Amino acid sequence: MTQDFKGINIKKEKPDKFSNIGNDDSLFCWVQRKFNKGYLLCDDGAMEKADFIHLDGGKTLSLIHVKGAKSDGQERKISVSSYEVVVGQAVKNLLWFERSDLAEALKGRVRKSNSFWKDGAKSSKD
């Protein structure tokens, strides 16, 4: 599936400050703007389930892993090492698709660096 990254610096994984998620040209900001229906949690950090967890308001739960590109050239190829890192994270976190396990695990590890949105608007953890 092709995505439009116009205005996004695909080499920039995260904003300079987590409070700026959604307000600059990083890939984290792209995710925050793209997944703006339902609930979105930024769980970036040690022992994360994924960089972002999205529940679309229906029955679709997505664990989103973000990795900045090494090049922004039009002719760039896939980075096998980056691909392996992201796929490894995704495979490791497949166990969290049991919804009750995920909900329980997230309750116990909310950090100040976590960010929450409901329908695209900044929200609290509640």
# chains A, B, ... in the order shown; residues from 1 in each chain; ligands from 1
call {"tool": "select_by_dssp", "arguments": {"residues": "chain A", "states": "strand (DSSP E or B)", "output": "list in words"}}
result
Tyr39, Leu40, Leu41, Cys42, Phe52, Ile53, His54, Leu55, Leu61, Ser62, Leu63, Ile64, Ser115, Phe116, Trp117, Lys118, Ala121, Lys122 and Ser123 of chain A
call {"tool": "write_last_selection", "arguments": {"atoms": "C-alpha atoms", "output": "PDB file, in the first residue's frame"}}
result
ATOM      1  CA  TYR A  39      -8.005   6.020  20.221  1.00  0.00           C
ATOM      2  CA  LEU A  40      -4.262   6.432  19.723  1.00  0.00           C
ATOM      3  CA  LEU A  41      -1.524   5.919  22.318  1.00  0.00           C
ATOM      4  CA  CYS A  42       2.161   6.705  21.855  1.00  0.00           C
ATOM      5  CA  PHE A  52       1.823   3.572  18.726  1.00  0.00           C
ATOM      6  CA  ILE A  53      -1.263   1.556  19.622  1.00  0.00           C
ATOM      7  CA  HIS A  54      -4.433   2.429  17.707  1.00  0.00           C
ATOM      8  CA  LEU A  55      -7.984   1.276  18.333  1.00  0.00           C
ATOM      9  CA  LEU A  61      -6.438  -2.899  16.960  1.00  0.00           C
ATOM     10  CA  SER A  62      -3.137  -1.847  15.348  1.00  0.00           C
ATOM     11  CA  LEU A  63       0.361  -1.953  16.825  1.00  0.00           C
ATOM     12  CA  ILE A  64       2.426   0.563  14.827  1.00  0.00           C
ATOM     13  CA  SER A 115       0.677  10.611  24.755  1.00  0.00           C
ATOM     14  CA  PHE A 116      -3.006   9.929  24.137  1.00  0.00           C
ATOM     15  CA  TRP A 117      -5.501  11.092  21.490  1.00  0.00           C
ATOM     16  CA  LYS A 118      -9.195  10.471  20.945  1.00  0.00           C
ATOM     17  CA  ALA A 121      -7.578  15.488  19.815  1.00  0.00           C
ATOM     18  CA  LYS A 122      -5.098  15.336  22.696  1.00  0.00           C
ATOM     19  CA  SER A 123      -6.611  13.373  25.558  1.00  0.00           C
TER      20      SER A 123
END
call {"tool": "residues_around", "arguments": {"residues": "Leu27 of chain A", "least_positions_apart": "6", "cutoff": "7 Å", "atoms": "only C-alpha atoms", "output": "list of chain:residue names"}}
result
A:Ile8, A:Ile10, A:Lys12, A:Glu13, A:Lys14
call {"tool": "closest_residue", "arguments": {"among": "A:Asp16, A:Gly38, A:Cys29, A:Gly73", "to": "Lys59 of chain A", "atoms": "only C-alpha atoms"}}
result
A:Gly38
call {"tool": "closest_residue", "arguments": {"among": "A:Lys67, A:Ala50, A:Glu75, A:Ser82", "to": "Leu95 of chain A", "atoms": "only C-alpha atoms"}}
result
A:Ala50
call {"tool": "select_by_dssp", "arguments": {"residues": "chain A", "states": "helix (DSSP H, G or I)", "output": "ChimeraX atom specification"}}
result
/A:18-20,27-34,80-97,99-107
call {"tool": "residues_around", "arguments": {"residues": "Ser26 of chain A", "least_positions_apart": "3", "cutoff": "12 Å", "atoms": "only C-alpha atoms", "output": "list of chain:residue names"}}
result
A:Phe5, A:Lys6, A:Gly7, A:Ile8, A:Asn9, A:Ile10, A:Lys11, A:Lys12, A:Glu13, A:Lys14, A:Pro15, A:Asp16, A:Lys17, A:Phe18, A:Asn20, A:Ile21, A:Gly22, A:Asn23, A:Cys29, A:Trp30, A:Val31, A:Gln32, A:Arg33, A:Val66, A:Lys67, A:Gly68, A:Ala69
call {"tool": "atom_distance", "arguments": {"atom1": "atom CA of Ile78 of chain A", "atom2": "atom CA of Ala90 of chain A"}}
result
17.4 Å
call {"tool": "closest_residue", "arguments": {"among": "A:Asp24, A:Ser19, A:Asn93, A:Glu104", "to": "Asp51 of chain A", "atoms": "only C-alpha atoms"}}
result
A:Asn93
call {"tool": "atom_distance", "arguments": {"atom1": "atom CA of Arg76 of chain A", "atom2": "atom CA of Asp4 of chain A"}}
result
15.8 Å
call {"tool": "atom_distance", "arguments": {"atom1": "atom CA of Ala46 of chain A", "atom2": "atom CA of Asp119 of chain A"}}
result
26.3 Å
call {"tool": "closest_residue", "arguments": {"among": "A:His65, A:Lys34, A:Lys92, A:Lys77", "to": "Gln3 of chain A", "atoms": "only C-alpha atoms"}}
result
A:Lys34
